[in-house]
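K.L.:
To be precise about what I am sending: the file is called target13.cif and holds mmCIF, C-alpha atoms.
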```
data_run
#
loop_
_atom_site.label_atom_id
_atom_site.label_comp_id
_atom_site.auth_asym_id
_atom_site.auth_seq_id
_atom_site.Cartn_x
_atom_site.Cartn_y
_atom_site.Cartn_z
CA MET A 1 0.00 0.00 0.00
CA LYS A 2 2.86 2.38 0.86
CA ASN A 3 4.48 1.78 -2.56
CA ILE A 4 1.17 2.55 -4.29
CA LYS A 5 0.88 5.88 -2.42
CA VAL A 6 4.43 6.83 -3.33
CA GLY A 7 3.80 5.97 -6.99
CA VAL A 8 0.63 8.07 -7.07
CA LEU A 9 2.48 11.00 -5.47
CA VAL A 10 5.27 10.76 -8.05
CA ILE A 11 2.78 10.74 -10.92
CA LEU A 12 0.95 13.79 -9.48
CA LEU A 13 4.19 15.72 -9.03
CA HIS A 14 5.31 14.83 -12.55
CA THR A 15 1.93 15.88 -14.05
CA MET A 16 1.74 19.13 -12.08
CA GLY A 17 5.32 19.98 -13.01
CA SER A 18 4.56 19.39 -16.68
CA LEU A 19 1.44 21.60 -16.60
CA TRP A 20 3.25 24.34 -14.70
CA ALA A 21 6.17 24.27 -17.16
CA GLN A 22 3.70 24.48 -20.07
CA ASP A 23 2.04 27.56 -18.51
CA LEU A 24 5.47 29.19 -18.24
CA GLN A 25 6.51 28.63 -21.83
CA LEU A 26 8.57 31.44 -23.31
CA THR A 27 6.79 33.44 -26.02
CA ALA A 28 7.67 36.28 -28.35
CA LYS A 29 6.45 38.70 -25.66
CA ASP A 30 9.33 37.59 -23.43
CA SER A 31 11.92 38.79 -25.95
CA ILE A 32 13.14 42.28 -26.65
CA VAL A 33 15.06 43.61 -29.61
CA LYS A 34 18.70 44.43 -28.89
CA SER A 35 19.40 46.00 -32.25
CA SER A 36 17.70 46.24 -35.62
CA TRP A 37 17.06 48.18 -38.76
CA MET A 38 13.68 49.87 -39.13
CA PHE A 39 11.86 51.20 -42.20
CA GLY A 40 8.87 53.51 -41.85
CA LEU A 41 6.18 54.82 -44.18
CA GLY A 42 3.34 57.14 -43.17
CA TYR A 43 1.73 60.56 -43.09
CA ASN A 44 3.06 63.86 -41.78
CA PHE A 45 1.19 66.94 -40.58
CA VAL A 46 2.85 70.38 -40.47
CA ASP A 47 1.81 73.16 -38.08
CA ASP A 48 3.59 76.35 -39.23
CA SER A 49 1.05 78.78 -37.76
CA GLY A 50 3.72 80.70 -35.85
CA ASP A 51 1.92 80.54 -32.50
CA VAL A 52 4.21 77.72 -31.24
CA PHE A 53 2.13 75.82 -28.67
CA ASP A 54 -1.03 77.92 -28.76
CA GLU A 55 -3.98 76.12 -30.31
CA LEU A 56 -1.74 73.09 -30.65
CA PHE A 57 -4.53 70.74 -31.71
CA ASP A 58 -6.44 73.09 -33.99
CA VAL A 59 -6.28 70.63 -36.86
CA ASP A 60 -8.76 72.41 -39.13
CA LYS A 61 -7.01 75.79 -39.10
CA GLN A 62 -3.35 75.02 -38.55
CA TRP A 63 -2.44 71.47 -39.66
CA ASN A 64 -1.38 70.88 -43.26
CA SER A 65 -1.36 67.39 -44.83
CA VAL A 66 -1.71 65.47 -48.08
CA ALA A 67 -3.95 62.49 -48.78
CA PHE A 68 -1.17 60.01 -49.59
CA PRO A 69 1.75 58.58 -47.58
CA SER A 70 4.21 61.47 -47.44
CA ARG A 71 6.92 60.46 -44.99
CA VAL A 72 9.62 57.78 -45.31
CA SER A 73 12.30 56.86 -42.80
CA ILE A 74 15.14 54.40 -42.34
CA GLY A 75 17.13 53.87 -39.18
CA LYS A 76 19.55 51.69 -37.30
CA TYR A 77 18.85 51.05 -33.62
CA PHE A 78 21.49 49.76 -31.20
CA GLU A 79 21.51 47.72 -28.00
CA SER A 80 22.42 50.85 -26.01
CA GLY A 81 19.06 52.41 -26.90
CA ILE A 82 20.57 54.86 -29.38
CA GLY A 83 18.99 55.11 -32.82
CA LEU A 84 20.30 56.85 -35.95
CA GLU A 85 17.59 57.84 -38.44
CA ALA A 86 17.23 59.53 -41.80
CA ILE A 87 13.81 60.97 -42.70
CA GLY A 88 12.35 62.49 -45.82
CA SER A 89 8.91 64.14 -45.93
CA TYR A 90 6.68 66.06 -48.31
CA ASN A 91 3.61 68.24 -47.63
CA LYS A 92 1.58 71.16 -48.95
CA TYR A 93 0.58 74.40 -47.26
CA LYS A 94 -3.15 74.57 -48.06
CA ILE A 95 -5.08 77.71 -48.90
CA GLY A 96 -7.00 78.97 -45.87
CA LYS A 97 -4.66 77.48 -43.27
CA ILE A 98 -2.81 79.71 -40.78
CA VAL A 99 0.83 79.91 -41.93
CA ASP A 100 3.32 82.20 -40.18
CA GLY A 101 0.45 83.97 -38.33
CA ALA A 102 -1.63 84.74 -41.42
CA VAL A 103 -4.21 83.02 -43.60
CA ASN A 104 -2.42 81.27 -46.44
CA LEU A 105 -3.56 82.54 -49.86
CA ASN A 106 -1.41 80.35 -52.12
CA GLU A 107 -0.82 76.57 -52.07
CA THR A 108 2.93 75.89 -51.71
CA ASP A 109 5.06 72.74 -51.35
CA TYR A 110 6.85 71.63 -48.21
CA TYR A 111 10.01 69.50 -48.33
CA ALA A 112 12.12 68.30 -45.43
CA ILE A 113 15.15 66.08 -45.02
CA ASP A 114 16.14 65.31 -41.42
CA ALA A 115 18.70 63.28 -39.54
CA ARG A 116 18.32 62.58 -35.86
CA VAL A 117 19.62 60.64 -32.91
CA SER A 118 16.96 59.05 -30.70
CA TYR A 119 17.01 57.28 -27.37
CA ASP A 120 14.70 54.43 -26.29
CA LEU A 121 13.19 55.42 -22.92
CA ASN A 122 12.52 51.77 -22.12
CA LYS A 123 16.20 51.62 -21.18
CA ILE A 124 15.25 53.82 -18.21
CA ILE A 125 11.66 52.89 -17.35
CA GLY A 126 11.96 49.19 -18.10
CA GLN A 127 11.40 47.07 -21.18
CA THR A 128 7.96 46.19 -22.53
CA ALA A 129 7.16 43.96 -25.44
CA TRP A 130 4.71 46.33 -27.16
CA PHE A 131 5.34 49.96 -26.13
CA ASP A 132 8.52 51.90 -27.00
CA PRO A 133 8.60 55.61 -26.07
CA TYR A 134 11.57 57.64 -27.28
CA ILE A 135 13.04 61.14 -27.48
CA GLY A 136 15.56 62.56 -29.91
CA VAL A 137 17.43 65.52 -31.34
CA GLY A 138 18.74 66.20 -34.79
CA LEU A 139 19.40 68.50 -37.70
CA GLY A 140 17.51 69.05 -40.90
CA TYR A 141 16.85 71.05 -43.99
CA THR A 142 13.37 72.38 -44.75
CA ASP A 143 11.93 74.22 -47.74
CA ALA A 144 8.56 75.65 -46.67
CA ASN A 145 6.40 78.63 -47.71
CA ASN A 146 8.98 79.39 -50.39
CA ASN A 147 11.72 79.73 -47.77
CA SER A 148 14.52 77.27 -47.12
CA ARG A 149 16.29 76.95 -43.79
CA GLY A 150 18.43 74.63 -41.72
CA THR A 151 16.73 73.42 -38.53
CA TYR A 152 17.52 72.17 -35.08
CA ASN A 153 15.06 69.41 -34.28
CA GLY A 154 13.66 67.86 -31.12
CA VAL A 155 11.35 64.86 -31.18
CA VAL A 156 9.16 62.93 -28.77
CA GLY A 157 7.22 59.84 -29.78
CA PHE A 158 6.41 56.22 -29.24
CA ARG A 159 6.02 53.02 -31.19
CA THR A 160 3.47 50.33 -30.42
CA TRP A 161 4.07 46.85 -31.81
CA ILE A 162 1.40 44.72 -33.47
CA THR A 163 3.79 41.86 -34.15
CA ASP A 164 7.49 41.45 -33.43
CA ARG A 165 8.22 43.07 -36.82
CA ILE A 166 5.34 45.43 -37.62
CA GLY A 167 4.23 48.40 -35.52
CA LEU A 168 2.81 51.91 -35.53
CA ASP A 169 4.93 55.02 -34.96
CA PHE A 170 3.52 58.27 -33.53
CA ASN A 171 5.80 61.28 -33.05
CA SER A 172 5.94 65.07 -32.93
CA SER A 173 8.97 67.15 -33.83
CA GLY A 174 9.77 70.76 -33.08
CA LYS A 175 11.87 72.40 -35.77
CA TRP A 176 13.78 75.57 -34.89
CA ALA A 177 15.23 77.56 -37.77
CA MET A 178 18.96 78.17 -37.63
CA ASP A 179 18.44 81.57 -39.31
CA LYS A 180 15.11 83.44 -39.01
CA GLY A 181 15.73 85.90 -41.79
CA ASP A 182 13.16 86.59 -44.51
CA GLY A 183 10.19 85.78 -42.26
CA VAL A 184 11.25 82.20 -41.51
CA THR A 185 9.50 80.82 -38.39
CA ASN A 186 9.78 77.75 -36.23
CA HIS A 187 7.21 75.02 -36.82
CA LEU A 188 5.92 71.65 -35.63
CA GLN A 189 5.72 68.43 -37.64
CA HIS A 190 3.64 65.48 -36.47
CA ALA A 191 3.80 62.00 -38.02
CA VAL A 192 1.98 58.68 -37.87
CA GLY A 193 2.91 55.63 -39.87
CA VAL A 194 3.72 51.96 -40.12
CA VAL A 195 7.22 50.70 -39.26
CA TYR A 196 8.82 47.43 -40.28
CA GLN A 197 11.70 46.01 -38.25
CA PHE A 198 14.30 43.76 -39.93
CA LYS A 199 17.72 42.24 -39.26
CA ALA A 200 16.78 42.24 -35.60
CA GLU A 201 18.91 40.72 -32.85
CA LYS A 202 16.88 39.66 -29.80
CA GLU A 203 17.42 38.79 -26.17
CA LEU A 204 15.16 37.83 -23.27
CA SER A 205 13.61 40.66 -21.28
CA LYS A 206 13.94 40.82 -17.50
CA LYS A 207 10.55 39.14 -17.20
CA GLY A 208 11.62 36.55 -19.78
CA LEU A 209 14.81 35.77 -17.86
CA GLU A 210 12.80 35.29 -14.66
CA LYS A 211 10.39 32.99 -16.50
CA GLN A 212 13.28 31.02 -18.00
CA ALA A 213 14.80 30.54 -14.53
CA GLN A 214 11.43 29.29 -13.20
CA ILE A 215 11.08 26.87 -16.11
CA GLU A 216 14.60 25.53 -15.52
CA GLU A 217 13.83 24.98 -11.82
CA ILE A 218 10.58 23.17 -12.64
CA LEU A 219 12.27 20.96 -15.21
CA LYS A 220 15.16 20.26 -12.83
CA GLU A 221 12.75 19.18 -10.07
CA ARG A 222 10.74 17.08 -12.51
CA GLN A 223 13.95 15.42 -13.69
CA ARG A 224 15.00 14.73 -10.10
CA VAL A 225 11.67 13.01 -9.39
CA ALA A 226 11.87 11.06 -12.64
CA ASP A 227 15.45 10.00 -11.92
CA SER A 228 14.60 8.73 -8.44
CA THR A 229 11.68 6.62 -9.69
CA ALA A 230 13.63 5.32 -12.70
CA LEU A 231 16.71 4.18 -10.76
CA ALA A 232 15.39 0.71 -9.93
CA LYS A 233 14.09 0.22 -13.47
CA GLN A 234 17.47 1.28 -14.84
CA GLN A 235 19.30 -1.28 -12.70
CA GLU A 236 16.82 -3.96 -13.73
CA GLU A 237 17.24 -3.03 -17.38
CA GLU A 238 21.04 -3.11 -17.08
CA ALA A 239 20.87 -6.58 -15.55
CA ARG A 240 18.57 -7.76 -18.34
CA GLN A 241 20.86 -6.28 -21.00
CA LEU A 242 23.90 -7.95 -19.39
CA ALA A 243 22.15 -11.32 -19.43
CA GLU A 244 21.16 -10.85 -23.08
CA ARG A 245 24.69 -9.79 -23.99
CA LEU A 246 26.20 -12.84 -22.31
CA LYS A 247 23.66 -15.06 -24.06
CA LYS A 248 24.46 -13.48 -27.44
CA GLU A 249 28.20 -13.86 -26.83
CA GLU A 250 27.72 -17.50 -25.93
CA GLU A 251 25.67 -18.07 -29.10
CA ALA A 252 28.22 -16.19 -31.20
CA ASN A 253 31.04 -18.34 -29.79
CA ARG A 254 29.02 -21.50 -30.50
CA LEU A 255 28.37 -20.44 -34.10
CA ALA A 256 32.01 -19.42 -34.54
CA GLN A 257 33.12 -22.85 -33.34
CA ILE A 258 30.74 -24.51 -35.79
CA GLU A 259 32.09 -22.40 -38.65
CA LYS A 260 35.64 -23.16 -37.59
CA GLU A 261 34.90 -26.89 -37.59
CA LYS A 262 33.26 -26.61 -41.01
CA LEU A 263 36.27 -24.77 -42.40
CA GLU A 264 38.69 -27.29 -40.91
CA ALA A 265 36.62 -30.15 -42.34
CA LEU A 266 36.59 -28.46 -45.76
CA ILE A 267 40.36 -27.94 -45.69
CA GLN A 268 40.87 -31.55 -44.60
CA ARG A 269 38.57 -32.85 -47.36
CA LYS A 270 40.41 -30.76 -49.95
CA GLU A 271 43.74 -32.04 -48.66
CA ASP A 272 42.50 -35.65 -48.70
CA LEU A 273 41.21 -35.29 -52.25
CA GLN A 274 44.51 -33.75 -53.41
CA ASN A 275 46.45 -36.59 -51.77
CA LYS A 276 44.22 -39.08 -53.54
CA ILE A 277 44.83 -37.39 -56.91
CA ASN A 278 48.57 -37.35 -56.26
CA SER A 279 48.52 -41.05 -55.38
CA LEU A 280 46.98 -41.98 -58.75
CA GLY A 281 50.30 -41.47 -60.53
CA SER A 282 52.18 -38.83 -62.50
CA ILE A 283 51.51 -37.57 -66.03
CA ASN A 284 54.75 -37.00 -67.94
CA PHE A 285 55.79 -36.59 -71.59
CA ALA A 286 58.65 -37.61 -73.83
CA LEU A 287 61.03 -34.90 -75.05
CA ASN A 288 59.36 -32.55 -77.56
CA SER A 289 56.18 -34.67 -77.43
CA SER A 290 52.61 -33.80 -76.47
CA TYR A 291 51.24 -37.32 -76.75
CA LEU A 292 49.98 -39.15 -73.68
CA ASP A 293 51.67 -42.47 -72.98
CA LYS A 294 49.92 -45.50 -71.53
CA ASN A 295 50.67 -44.67 -67.90
CA SER A 296 49.54 -41.04 -68.28
CA LYS A 297 46.25 -42.14 -69.83
CA LYS A 298 45.71 -44.60 -66.98
CA THR A 299 46.24 -41.80 -64.46
CA LEU A 300 43.85 -39.46 -66.31
CA VAL A 301 41.18 -42.15 -66.43
CA ALA A 302 41.45 -42.56 -62.64
CA ILE A 303 41.25 -38.79 -62.15
CA ALA A 304 38.21 -38.61 -64.43
CA GLU A 305 36.42 -41.26 -62.33
CA LEU A 306 37.28 -39.36 -59.16
CA LEU A 307 35.88 -36.11 -60.59
CA LYS A 308 32.66 -37.81 -61.68
CA GLU A 309 32.26 -39.15 -58.17
CA ASN A 310 32.67 -35.55 -56.88
CA PRO A 311 30.68 -33.45 -59.39
CA THR A 312 31.07 -30.16 -57.46
CA VAL A 313 34.88 -30.29 -57.43
CA VAL A 314 36.77 -27.90 -59.74
CA VAL A 315 40.42 -28.69 -60.52
CA LYS A 316 43.21 -26.66 -62.05
CA LEU A 317 45.12 -28.42 -64.86
CA GLY A 318 48.59 -27.02 -65.54
CA ALA A 319 50.87 -28.08 -68.41
CA TYR A 320 54.70 -27.64 -68.24
CA THR A 321 57.90 -28.35 -70.20
CA ASP A 322 61.56 -28.72 -69.30
CA SER A 323 64.01 -25.84 -69.91
CA ARG A 324 65.41 -27.09 -73.22
CA GLY A 325 64.27 -25.13 -76.26
CA THR A 326 63.18 -21.50 -76.55
CA ASN A 327 60.58 -19.97 -74.26
CA LYS A 328 58.22 -19.43 -77.19
CA TYR A 329 58.52 -23.04 -78.33
CA ASN A 330 58.08 -24.41 -74.82
CA LEU A 331 54.93 -22.32 -74.26
CA TRP A 332 53.49 -23.66 -77.54
CA LEU A 333 54.42 -27.22 -76.58
CA SER A 334 52.86 -26.88 -73.12
CA GLN A 335 49.63 -25.59 -74.73
CA ARG A 336 49.46 -28.71 -76.87
CA ARG A 337 50.08 -30.93 -73.80
CA MET A 338 47.36 -29.02 -71.90
CA GLN A 339 44.86 -29.41 -74.75
CA ARG A 340 45.50 -33.16 -75.25
CA SER A 341 45.15 -33.82 -71.53
CA LEU A 342 41.96 -31.72 -71.26
CA ASP A 343 40.41 -33.37 -74.30
CA TYR A 344 41.19 -36.80 -72.85
CA LEU A 345 39.48 -35.95 -69.54
CA LEU A 346 36.42 -34.60 -71.36
CA SER A 347 36.30 -37.74 -73.48
CA LYS A 348 36.04 -39.75 -70.22
CA GLY A 349 32.94 -37.85 -69.09
CA VAL A 350 34.43 -34.98 -67.12
CA ILE A 351 32.37 -31.73 -67.38
CA ALA A 352 34.33 -28.85 -68.99
CA SER A 353 33.32 -26.33 -66.28
CA ASN A 354 35.00 -28.56 -63.68
CA VAL A 355 38.49 -28.06 -65.19
CA ASN A 356 40.45 -24.80 -65.47
CA ALA A 357 43.34 -25.53 -67.85
CA ASN A 358 46.46 -23.37 -68.33
CA ALA A 359 49.84 -23.72 -70.10
CA TYR A 360 53.01 -22.38 -68.44
CA GLY A 361 55.87 -23.53 -70.68
CA GLU A 362 59.14 -23.72 -68.70
CA GLU A 363 58.05 -21.14 -66.08
CA VAL A 364 57.85 -23.47 -63.06
CA LEU A 365 60.62 -26.07 -62.86
CA LEU A 366 60.57 -28.63 -60.07
CA ASN A 367 64.38 -28.82 -59.87
CA ASP A 368 67.50 -26.87 -60.81
CA CYS A 369 67.57 -27.98 -64.45
CA LEU A 370 67.81 -24.46 -65.88
CA ASP A 371 69.23 -23.46 -69.26
CA GLY A 372 72.95 -24.29 -69.35
CA VAL A 373 72.74 -26.67 -66.36
CA TYR A 374 73.54 -30.32 -67.04
CA CYS A 375 70.78 -32.71 -65.95
CA THR A 376 70.01 -36.32 -66.66
CA GLU A 377 67.11 -37.25 -68.88
CA GLN A 378 65.19 -38.47 -65.85
CA GLU A 379 65.65 -35.10 -64.15
CA HIS A 380 64.38 -33.27 -67.25
CA LYS A 381 61.40 -35.64 -67.49
CA ILE A 382 60.20 -34.56 -64.05
CA ASN A 383 59.52 -31.06 -65.50
CA ARG A 384 57.67 -32.38 -68.59
CA ARG A 385 54.40 -32.87 -66.72
CA ILE A 386 50.72 -32.21 -66.13
CA GLU A 387 49.75 -31.06 -62.64
CA ILE A 388 46.16 -31.33 -61.38
CA LEU A 389 45.35 -29.36 -58.23
CA VAL A 390 42.04 -29.17 -56.34
CA GLU A 391 40.81 -25.59 -56.73
CA LYS A 392 37.27 -25.70 -55.35
CA LEU A 393 35.14 -28.33 -53.60
#
```
Could you render the structure as structure tokens?

P.N.:
Amino acid sequence: MKNIKVGVLVILLHTMGSLWAQDLQLTAKDSIVKSSWMFGLGYNFVDDSGDVFDELFDVDKQWNSVAFPSRVSIGKYFESGIGLEAIGSYNKYKIGKIVDGAVNLNETDYYAIDARVSYDLNKIIGQTAWFDPYIGVGLGYTDANNNSRGTYNGVVGFRTWITDRIGLDFNSSGKWAMDKGDGVTNHLQHAVGVVYQFKAEKELSKKGLEKQAQIEEILKERQRVADSTALAKQQEEEARQLAERLKKEEEANRLAQIEKEKLEALIQRKEDLQNKINSLGSINFALNSSYLDKNSKKTLVAIAELLKENPTVVVKLGAYTDSRGTNKYNLWLSQRRMQRSLDYLLSKGVIASNVNANAYGEEVLLNDCLDGVYCTEQEHKINRRIEILVEKL
């Protein structure tokens, strides 16, 4: 009963740990972007009324805009929170709007090119996965109301992220003219648009790191419980594997011994058969002759009977000469001796595929009767021979 309770407890702990770990899974919201490139496209609204912050939200009278996307930006943002951006924008001063403190009577174009350095305020207030406020300063060039000027810029804004790549950007910039000659005034430029983040490098947020640590602790505890319950099974499995291994080794040794005995028996049978062929007598030739004498034919007949009794046996038939005569002549003579011997065996019922015949001339002498060495006729006769060797059983 005690073992059953312990088993139930282990299962409950394992299940609860699994569910808890699943609830704490890391998601995209637990990551923050360390650095990235960002491209933006949207609308811009210019307030060049000349009253600075008075009637700041009087859109109907003071804000100028066009009906199509009129602002494009590209920037690189670093792990430190610093961002470097380049911005181009286009607009129109509409008739009837307040421009430089007076009602605008002529429609004119507005162009601006700006560069700025921004800072991500999340580095101070803490990272979030969806809200990125920022501030920035920069320089620019603006052509507005038929007047061009360099500007000192200040910006405040925020981005809110729909996905980890796509978001919305809202910002307002104050643009102060470097030179206020010719009626040039300071103005405000507001913008809203879509931003796309690419080539981003990510890391876990503070919340994500805490969650990761919790997950690791849960998994570690779950592993500890699993290890403690699996120890006995592991030992049992190791014992079973050892027994199986010993059994396989014993069987392998038995089969190896059987194969060894088969091989030894095969070698012995081949040796016995070769000894039997050797005991049947020699096959020799007269000088410069390829004709079989009576004794040689008798030996070949006995060999033919032996081969018919052992139909799977393949023999190698080799024909040789003594050293007298030229190499070319002796090779030709040995070929004739080989062919006459082979034909005789076939005539006695031996199957052609059971004999591999070759002619060697004077290549393999059985004694020292080389060219220029005196030998008796009997010594030369030993080399004028047919050899039959068991090649395959």

K.L.:
Can you work out the spacing between atom CA of Asp120 of chain A and atom CA of Tyr134 of chain A in Å, to one decimal?

P.N.:
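Calculated distance between atom CA of Asp120 of chain A and atom CA of Tyr134 of chain A is 4.6 Å.
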
K.L.:
Could you tell me, as JSON, numbers by chain, exactly which residues end up selected when the PyMOL selection byres ((chain A and resi 40) around 10) is applied to this structure?

P.N.:
{"A": [38, 39, 41, 42, 71, 72, 73, 74, 75, 87, 166, 167, 168, 169, 192, 193, 194, 195, 196, 197]}

K.L.:
Can you translate the PyMOL selection byres ((chain A and resi 50) around 8) into the concrete residues it hits in this file, as a list in words?

P.N.:
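Given this file, the PyMOL selection byres ((chain A and resi 50) around 8) evaluates to Asp48, Ser49, Asp51, Val52, Val99, Asp100, Gly101, Thr185, Asn186 and His187 of chain A.
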
K.L.:
Pick from A:Leu393, A:Leu333, A:Ala115, A:Val355: nearest to Ala286 of chain A, with all atoms listed in the file counted?

P.N.:
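Nearest candidate to Ala286 of chain A out of A:Leu393, A:Leu333, A:Ala115, A:Val355: A:Leu333.
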
K.L.:
Name the closest residue to Gly81 of chain A among the candidates A:Leu246, A:Ala177, A:Ile124, A:Ala265; distances are taken between atoms, counting only C-alpha atoms.

P.N.:
A:Ile124

K.L.:
Which residues, named as in the file, does the PyMOL selection byres ((chain A and resi 331) around 10) pick out? Answer as a ChimeraX atom specification.

P.N.:
/A:319-321,325-330,332-337,359-363

K.L.:
For each of A:Ala191, A:Lys211, A:Tyr110, A:Asn310, take the minimum atom-to-atom distance to Lys270 of chain A, counting only C-alpha atoms, then give the residue where this is smallest.

P.N.:
A:Asn310

K.L.:
Within 10 Å of (7.0, 81.7, -48.9) (file coordinates; all atoms listed in the file), which protein or nucleic acid residues are there? I'd like them as a ChimeraX atom specification.

P.N.:
/A:93,99-100,104,106-109,143-148,182-184

K.L.:
Which residues are close to Leu84 of chain A, i.e. within 8 Å by all atoms listed in the file, leaving aside same-chain residues fewer than 6 positions away? Reply as a list in words.

P.N.:
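Result of the neighbour search: Gly75, Lys76, Tyr77, Ala115, Arg116, Val117 and Ser118 of chain A.
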
K.L.:
Expressed in Å to a single decimal, how great is the separation between atom CA of Asp132 of chain A and atom CA of Asn44 of chain A?

P.N.:
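We find that atom CA of Asp132 of chain A and atom CA of Asn44 of chain A lie 19.8 Å from each other.
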
K.L.:
Return as JSON the centre and edge lengths, in Å with one decimal, of the box along x, y and z that encloses every atom of segment 98-101 of chain A in the file, padded by 6 Å per side.

P.N.:
```
{"center_x": 0.3, "center_y": 81.8, "center_z": -40.1, "size_x": 18.1, "size_y": 16.3, "size_z": 15.6}
```

K.L.:
What does the structure give for the distance between atom CA of Val33 of chain A and atom CA of Lys207 of chain A, in Å to one decimal?

P.N.:
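For atom CA of Val33 of chain A relative to atom CA of Lys207 of chain A, the distance reads 13.9 Å.
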
K.L.:
Closest to Pro311 of chain A among A:Ser347, A:Gln268, A:Thr229, A:Ser353, using only C-alpha atoms?

P.N.:
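Nearest to Pro311 of chain A: A:Ser353.
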
K.L.:
Kindly extract all protein, DNA and RNA residues lying within 8 Å of the coordinates (55.1, -34.7, -71.2) given in the file, considering all atoms listed in the file, and supply them as a list in words.

P.N.:
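Residues with an atom close enough to that point: Ile283, Asn284, Phe285, Ala286, Leu287, Asn288, Ser289, Ser290, Tyr291, Leu292, Tyr320, Thr321, Arg337, Lys381, Arg384, Arg385 and Ile386 of chain A.
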
K.L.:
Tell me, as a PDB file with C-alpha atoms, in the coordinates of the input, which residues lie within 6 Å of Thr299 of chain A, counting only C-alpha atoms; anything in the same chain fewer than 2 positions away does not count.

P.N.:
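The resulting out27.pdb:
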```pdb
ATOM      1  CA  LEU A 280      46.980 -41.980 -58.750  1.00  0.00           C
ATOM      2  CA  GLY A 281      50.300 -41.470 -60.530  1.00  0.00           C
ATOM      3  CA  SER A 296      49.540 -41.040 -68.280  1.00  0.00           C
ATOM      4  CA  LYS A 297      46.250 -42.140 -69.830  1.00  0.00           C
ATOM      5  CA  VAL A 301      41.180 -42.150 -66.430  1.00  0.00           C
ATOM      6  CA  ALA A 302      41.450 -42.560 -62.640  1.00  0.00           C
TER       7      ALA A 302
END
```

K.L.:
Do a neighbour search on Gly96 of chain A at 8 Å with only C-alpha atoms, toss out local chain neighbours closer than 5 positions, and write the hits as a ChimeraX atom specification.

P.N.:
/A:61,103-105

K.L.:
For each of A:Ile215, A:Met178, A:Val315, A:Val66, take the minimum atom-to-atom distance to Gln25 of chain A, counting all atoms listed in the file, then give the residue where this is smallest.

P.N.:
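Using all atoms listed in the file, Gln25 of chain A sits closest to A:Ile215.
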
K.L.:
Can you give me all heavy atoms for segment 68-72 of chain A, written as a short mmCIF file (atom, residue, chain, number, x, y, z; two decimals), in the coordinates of the input?

P.N.:
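Just written: part_33.cif:
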```cif
data_model
loop_
_atom_site.label_atom_id
_atom_site.label_comp_id
_atom_site.auth_asym_id
_atom_site.auth_seq_id
_atom_site.Cartn_x
_atom_site.Cartn_y
_atom_site.Cartn_z
N PHE A 68 -1.93 61.22 -49.31
CA PHE A 68 -1.17 60.01 -49.59
C PHE A 68 0.01 59.92 -48.62
O PHE A 68 0.41 60.92 -48.01
CB PHE A 68 -0.68 60.00 -51.03
CG PHE A 68 0.04 61.26 -51.44
CD1 PHE A 68 1.38 61.46 -51.17
CD2 PHE A 68 -0.67 62.29 -52.08
CE1 PHE A 68 2.03 62.61 -51.53
CE2 PHE A 68 -0.01 63.46 -52.45
CZ PHE A 68 1.33 63.62 -52.17
N PRO A 69 0.58 58.71 -48.45
CA PRO A 69 1.75 58.58 -47.58
C PRO A 69 2.85 59.54 -48.02
O PRO A 69 3.24 59.56 -49.19
CB PRO A 69 2.18 57.12 -47.75
CG PRO A 69 0.92 56.43 -48.13
CD PRO A 69 0.16 57.40 -48.98
N SER A 70 3.33 60.34 -47.09
CA SER A 70 4.21 61.47 -47.44
C SER A 70 5.46 61.52 -46.59
O SER A 70 6.16 62.54 -46.58
CB SER A 70 3.43 62.78 -47.29
OG SER A 70 2.86 62.86 -45.97
N ARG A 71 5.74 60.47 -45.85
CA ARG A 71 6.92 60.46 -44.99
C ARG A 71 7.58 59.08 -45.06
O ARG A 71 6.90 58.04 -44.95
CB ARG A 71 6.54 60.76 -43.55
CG ARG A 71 7.73 60.80 -42.58
CD ARG A 71 7.20 61.09 -41.17
NE ARG A 71 8.26 61.29 -40.19
CZ ARG A 71 8.84 60.32 -39.49
NH1 ARG A 71 8.47 59.06 -39.69
NH2 ARG A 71 9.78 60.59 -38.62
N VAL A 72 8.89 59.04 -45.27
CA VAL A 72 9.62 57.78 -45.31
C VAL A 72 10.85 57.92 -44.42
O VAL A 72 11.46 58.99 -44.34
CB VAL A 72 10.02 57.41 -46.75
CG1 VAL A 72 10.98 58.42 -47.34
CG2 VAL A 72 10.63 56.02 -46.81
#
```
